[in-house]
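J.: This is upload_4.pdb (PDB, C-alpha atoms).
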ATOM      1  CA  MET A   1     -13.480   0.695 -31.485
ATOM      2  CA  LEU A   2     -11.386  -0.358 -28.534
ATOM      3  CA  ASN A   3      -9.741   2.393 -26.585
ATOM      4  CA  GLU A   4      -6.130   1.240 -26.023
ATOM      5  CA  GLU A   5      -5.504   3.757 -23.246
ATOM      6  CA  LYS A   6      -8.534   2.506 -21.348
ATOM      7  CA  ILE A   7      -7.460  -1.124 -21.802
ATOM      8  CA  LYS A   8      -3.953  -0.355 -20.488
ATOM      9  CA  LEU A   9      -5.385   1.418 -17.437
ATOM     10  CA  MET A  10      -7.810  -1.401 -16.704
ATOM     11  CA  THR A  11      -5.035  -3.992 -17.029
ATOM     12  CA  ARG A  12      -2.704  -2.074 -14.722
ATOM     13  CA  ILE A  13      -5.502  -1.622 -12.173
ATOM     14  CA  SER A  14      -6.446  -5.292 -12.340
ATOM     15  CA  ILE A  15      -2.858  -6.462 -11.809
ATOM     16  CA  PHE A  16      -2.477  -4.168  -8.790
ATOM     17  CA  GLU A  17      -5.784  -5.288  -7.285
ATOM     18  CA  LYS A  18      -4.924  -8.956  -7.746
ATOM     19  CA  HIS A  19      -1.405  -8.917  -6.314
ATOM     20  CA  GLU A  20      -0.766  -5.951  -4.044
ATOM     21  CA  LYS A  21      -3.946  -4.128  -3.112
ATOM     22  CA  SER A  22      -4.748  -5.840   0.195
ATOM     23  CA  ARG A  23      -1.186  -5.560   1.539
ATOM     24  CA  ASP A  24      -0.791  -1.924   0.507
ATOM     25  CA  LEU A  25      -4.230  -0.935   1.807
ATOM     26  CA  ARG A  26      -3.454  -2.575   5.146
ATOM     27  CA  THR A  27      -0.192  -0.605   5.274
ATOM     28  CA  SER A  28      -1.842   2.686   4.338
ATOM     29  CA  LYS A  29      -4.290   2.460   7.241
ATOM     30  CA  TYR A  30      -1.447   3.434   9.580
ATOM     31  CA  PHE A  31       0.345   6.721   9.936
ATOM     32  CA  LYS A  32       3.956   6.439   8.855
ATOM     33  CA  GLU A  33       5.344   6.756  12.386
ATOM     34  CA  ASP A  34       2.897   4.201  13.785
ATOM     35  CA  TYR A  35       3.654   1.688  11.044
ATOM     36  CA  VAL A  36       7.413   2.032  11.509
ATOM     37  CA  ARG A  37       7.135   1.802  15.329
ATOM     38  CA  TYR A  38       4.886  -1.249  15.102
ATOM     39  CA  GLY A  39       7.367  -2.875  12.727
ATOM     40  CA  GLY A  40      10.186  -1.974  15.115
ATOM     41  CA  LEU A  41       8.311  -3.580  18.006
ATOM     42  CA  ARG A  42       7.797  -6.763  15.994
ATOM     43  CA  THR A  43      11.491  -6.728  15.122
ATOM     44  CA  ILE A  44      12.500  -6.387  18.790
ATOM     45  CA  ILE A  45      10.224  -9.256  19.806
ATOM     46  CA  ALA A  46      11.513 -11.506  17.028
ATOM     47  CA  ALA A  47      15.141 -10.600  17.799
ATOM     48  CA  THR A  48      14.616 -11.357  21.495
ATOM     49  CA  VAL A  49      13.097 -14.757  20.838
ATOM     50  CA  CYS A  50      15.760 -15.677  18.280
ATOM     51  CA  TYR A  51      18.695 -14.484  20.384
ATOM     52  CA  TRP A  52      17.705 -16.398  23.494
ATOM     53  CA  LEU A  53      16.796 -19.448  21.439
ATOM     54  CA  ILE A  54      20.284 -19.404  19.901
ATOM     55  CA  VAL A  55      21.832 -19.021  23.386
ATOM     56  CA  MET A  56      19.821 -22.012  24.630
ATOM     57  CA  ILE A  57      20.831 -24.123  21.636
ATOM     58  CA  TYR A  58      24.479 -23.177  22.171
ATOM     59  CA  CYS A  59      24.243 -24.132  25.855
ATOM     60  CA  TYR A  60      22.559 -27.428  24.985
ATOM     61  CA  PHE A  61      25.257 -28.486  22.535
ATOM     62  CA  ASN A  62      28.118 -27.317  24.790
ATOM     63  CA  MET A  63      26.602 -28.536  28.052
ATOM     64  CA  GLN A  64      29.578 -30.729  28.955
ATOM     65  CA  ALA A  65      32.102 -27.882  28.594
ATOM     66  CA  ILE A  66      29.840 -25.497  30.498
ATOM     67  CA  LEU A  67      29.351 -27.990  33.365
ATOM     68  CA  SER A  68      33.078 -28.666  33.597
ATOM     69  CA  LYS A  69      33.814 -24.895  33.964
ATOM     70  CA  ILE A  70      30.802 -24.017  36.106
ATOM     71  CA  ASN A  71      32.781 -23.647  39.345
ATOM     72  CA  ASP A  72      35.440 -21.415  37.765
ATOM     73  CA  MET A  73      33.089 -19.067  35.855
ATOM     74  CA  ASP A  74      32.647 -15.404  36.627
ATOM     75  CA  TYR A  75      28.843 -15.232  36.518
ATOM     76  CA  PHE A  76      28.676 -11.449  36.323
ATOM     77  CA  LYS A  77      31.016 -11.493  33.316
ATOM     78  CA  VAL A  78      28.953 -14.200  31.568
ATOM     79  CA  ILE A  79      25.684 -12.381  32.228
ATOM     80  CA  GLY A  80      27.271  -9.088  31.118
ATOM     81  CA  LEU A  81      28.472 -10.686  27.863
ATOM     82  CA  LEU A  82      25.068 -12.240  27.212
ATOM     83  CA  MET A  83      23.212  -8.980  27.891
ATOM     84  CA  SER A  84      25.617  -6.812  25.893
ATOM     85  CA  GLY A  85      25.371  -9.274  22.997
ATOM     86  CA  TYR A  86      21.594  -9.179  23.296
ATOM     87  CA  LEU A  87      21.448  -5.374  23.308
ATOM     88  CA  LEU A  88      23.838  -5.163  20.354
ATOM     89  CA  VAL A  89      21.808  -7.648  18.291
ATOM     90  CA  VAL A  90      18.505  -5.957  19.147
ATOM     91  CA  LEU A  91      19.872  -2.505  18.386
ATOM     92  CA  ILE A  92      21.296  -3.538  15.003
ATOM     93  CA  LEU A  93      18.131  -5.400  14.008
ATOM     94  CA  TYR A  94      15.931  -2.512  15.173
ATOM     95  CA  VAL A  95      17.835  -0.035  12.988
ATOM     96  CA  VAL A  96      17.640  -2.414  10.017
ATOM     97  CA  GLY A  97      13.943  -2.999  10.716
ATOM     98  CA  PHE A  98      13.326   0.743  10.929
ATOM     99  CA  PHE A  99      14.706   1.287   7.441
ATOM    100  CA  VAL A 100      12.921  -1.775   6.050
ATOM    101  CA  TYR A 101       9.515  -0.753   7.397
ATOM    102  CA  PHE A 102      10.052   2.867   6.403
ATOM    103  CA  GLY A 103      10.838   1.750   2.853
ATOM    104  CA  LYS A 104       7.846  -0.602   2.780
ATOM    105  CA  TYR A 105       5.532   2.194   3.857
ATOM    106  CA  GLN A 106       6.919   4.618   1.270
ATOM    107  CA  ALA A 107       6.620   2.004  -1.501
ATOM    108  CA  ALA A 108       3.039   1.149  -0.516
ATOM    109  CA  ARG A 109       2.038   4.826  -0.510
ATOM    110  CA  LYS A 110       3.584   5.382  -3.944
ATOM    111  CA  LYS A 111       1.768   2.345  -5.352
ATOM    112  CA  LEU A 112      -1.536   3.546  -3.919
ATOM    113  CA  ILE A 113      -1.006   7.030  -5.342
ATOM    114  CA  VAL A 114      -0.432   5.514  -8.793
ATOM    115  CA  TYR A 115      -3.462   3.242  -8.297
ATOM    116  CA  ASN A 116      -5.697   6.196  -7.358
ATOM    117  CA  ARG A 117      -4.368   8.213 -10.301
ATOM    118  CA  ASP A 118      -5.182   5.322 -12.654
ATOM    119  CA  ILE A 119      -8.694   4.963 -11.198
ATOM    120  CA  LYS A 120      -9.329   8.693 -11.662
ATOM    121  CA  ALA A 121      -8.005   8.553 -15.227
ATOM    122  CA  LEU A 122     -10.276   5.599 -15.985
ATOM    123  CA  ILE A 123     -13.272   7.432 -14.534
ATOM    124  CA  ASN A 124     -12.392  10.545 -16.534
ATOM    125  CA  LEU A 125     -12.178   8.486 -19.729
ATOM    126  CA  GLY A 126     -15.658   7.135 -19.023
ATOM    127  CA  VAL A 127     -17.006  10.634 -18.266
ATOM    128  CA  LYS A 128     -15.497  12.070 -21.455
ATOM    129  CA  LYS A 129     -17.057   9.274 -23.486
ATOM    130  CA  LYS A 130     -20.465   9.888 -21.893
ATOM    131  CA  LYS A 131     -20.180  13.624 -22.582
ATOM    132  CA  LYS A 132     -19.369  12.899 -26.231
ATOM    133  CA  VAL A 133     -22.393  10.626 -26.510
ATOM    134  CA  ILE A 134     -24.656  13.198 -24.847
ATOM    135  CA  ASN A 135     -23.325  16.000 -27.083
ATOM    136  CA  ALA A 136     -23.846  13.835 -30.156
ATOM    137  CA  GLU A 137     -27.435  13.121 -29.092
ATOM    138  CA  LYS A 138     -28.075  16.828 -28.558
ATOM    139  CA  LYS A 139     -26.914  17.606 -32.088
ATOM    140  CA  LYS A 140     -29.267  15.004 -33.520
ATOM    141  CA  ALA A 141     -32.258  16.160 -31.501
ATOM    142  CA  THR A 142     -35.171  17.883 -33.242
ATOM    143  CA  PRO A 143     -37.618  20.332 -31.736
ATOM    144  CA  ILE A 144     -40.695  18.972 -30.022
ATOM    145  CA  GLY A 145     -43.503  18.721 -32.518
ATOM    146  CA  GLY A 146     -41.201  18.203 -35.475
ATOM    147  CA  GLU A 147     -40.118  20.604 -38.160
ATOM    148  CA  ILE A 148     -42.082  23.832 -38.750
ATOM    149  CA  GLU A 149     -41.849  23.766 -42.513
ATOM    150  CA  GLY A 150     -45.052  23.956 -44.454
ATOM    151  CA  ILE A 151     -46.912  26.386 -42.209
ATOM    152  CA  ASP A 152     -48.498  29.186 -44.171
ATOM    153  CA  SER A 153     -46.955  32.418 -42.973
ATOM    154  CA  ALA A 154     -50.037  34.317 -44.078
ATOM    155  CA  PHE A 155     -51.938  33.207 -40.975
ATOM    156  CA  VAL A 156     -49.190  34.160 -38.521
ATOM    157  CA  ASP A 157     -47.711  37.654 -38.566
ATOM    158  CA  ASN A 158     -45.979  38.758 -35.384
ATOM    159  CA  GLY A 159     -48.272  36.684 -33.275
ATOM    160  CA  LYS A 160     -51.456  38.256 -34.781
ATOM    161  CA  GLU A 161     -53.889  36.599 -37.112
ATOM    162  CA  GLN A 162     -54.869  38.352 -40.307
TER
END
What would the structure in this file look like if it were written as structure tokens?

T.:
Amino acid sequence: MLNEEKIKLMTRISIFEKHEKSRDLRTSKYFKEDYVRYGGLRTIIAATVCYWLIVMIYCYFNMQAILSKINDMDYFKVIGLLMSGYLLVVLILYVVGFFVYFGKYQAARKKLIVYNRDIKALINLGVKKKKKVINAEKKKATPIGGEIEGIDSAFVDNGKEQ
């Protein structure tokens, strides 16, 4: 007497709770705009650190060439190239990050909607089963005091004794 629909719901709920529930619940605590902006801020910080780290590594490995040209360099041009490269990288990564975090938020909300729908369906299956059991018990119930068969109707006539 296993209910296959109930087993499928419970399995789907269990898989979601085991693998994705904590991440999606953490995501759903934010408003969409706040989550996307926070993700954008993290993207800008990571892009900044990575860009300047790459510039430092490049300078380290090309130190001899840089030192040999140091007197002939146009410093404003070098700084302008570095800053324009930085702004371009940050802008591109911010736009990509915006779409990534927007998609993550949408996916998490959809998963939570399905999860809540499954929970409600599971609760409704349990409620329907309880109602069936209660209705079955009501049909089996007998009046208090048992059956009234065997009482002589001669003694009782419209509530008056004869």

J.: Between atom CA of Ile45 of chain A and atom CA of Tyr75 of chain A, what is the spacing in Å?

T.: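 Atom CA of Ile45 of chain A lies at a distance of 25.7 Å from atom CA of Tyr75 of chain A.
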
J.: Given the file shown, determine the residues that the PyMOL selection byres ((chain A and resi 28-30) around 12) selects; report them as a list in words.

T.: Lys21, Ser22, Arg23, Asp24, Leu25, Arg26, Thr27, Phe31, Lys32, Glu33, Asp34, Tyr35, Val36, Arg37, Tyr38, Gly39, Tyr101, Phe102, Lys104, Tyr105, Gln106, Ala107, Ala108, Arg109, Lys110, Lys111, Leu112 and Ile113 of chain A

J.: Applying 8 Å and all atoms listed in the file, which residues near Lys6 of chain A remain after dropping the ones on its own chain fewer than 3 positions away? List them as a PyMOL selection string.

T.: chain A and resi 3+9-10+122+125

J.: Ranking A:Tyr115, A:Phe76, A:Tyr94, A:Phe99 by minimum distance to Thr43 of chain A and counting all atoms listed in the file, which one comes first?

T.: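 Of A:Tyr115, A:Phe76, A:Tyr94, A:Phe99, the one nearest Thr43 of chain A, counting all atoms listed in the file, is A:Tyr94.
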
J.: So the first atom is atom CA of Ile13 of chain A and the second is atom CA of Ile119 of chain A; what is the distance between them in Å, to one decimal place?

T.: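 Going from atom CA of Ile13 of chain A over to atom CA of Ile119 of chain A, I get 7.4 Å.
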
J.: One number please: atom CA of Val49 of chain A to atom CA of Val96 of chain A, in Å, one decimal.

T.: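 These atoms are spaced 17.0 Å apart.
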
J.: Find the spatial neighbours of Val55 of chain A, counting all atoms listed in the file, within a cut-off of 12 Å - ignore same-chain residues fewer than 4 positions away - and output them as a PyMOL selection string.

T.: chain A and resi 48-51+59-63+78-79+81-83+85-86

J.: Find the residue from A:Ile54, A:Ile44, A:Lys69, A:Arg117 that sits nearest to Leu88 of chain A; use all atoms listed in the file when measuring.

T.: A:Ile44

J.: Would you please work out which residue, of A:Leu67, A:Ala47, A:Met73, A:Ile7, is nearest to Val90 of chain A when using all atoms listed in the file?

T.: A:Ala47

J.: Which residue is closest to Val114 of chain A? Choose from A:Asp74, A:Leu53, A:Val89, A:Phe16 and count all atoms listed in the file.

T.: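 Selected residue with least distance to Val114 of chain A: A:Phe16.
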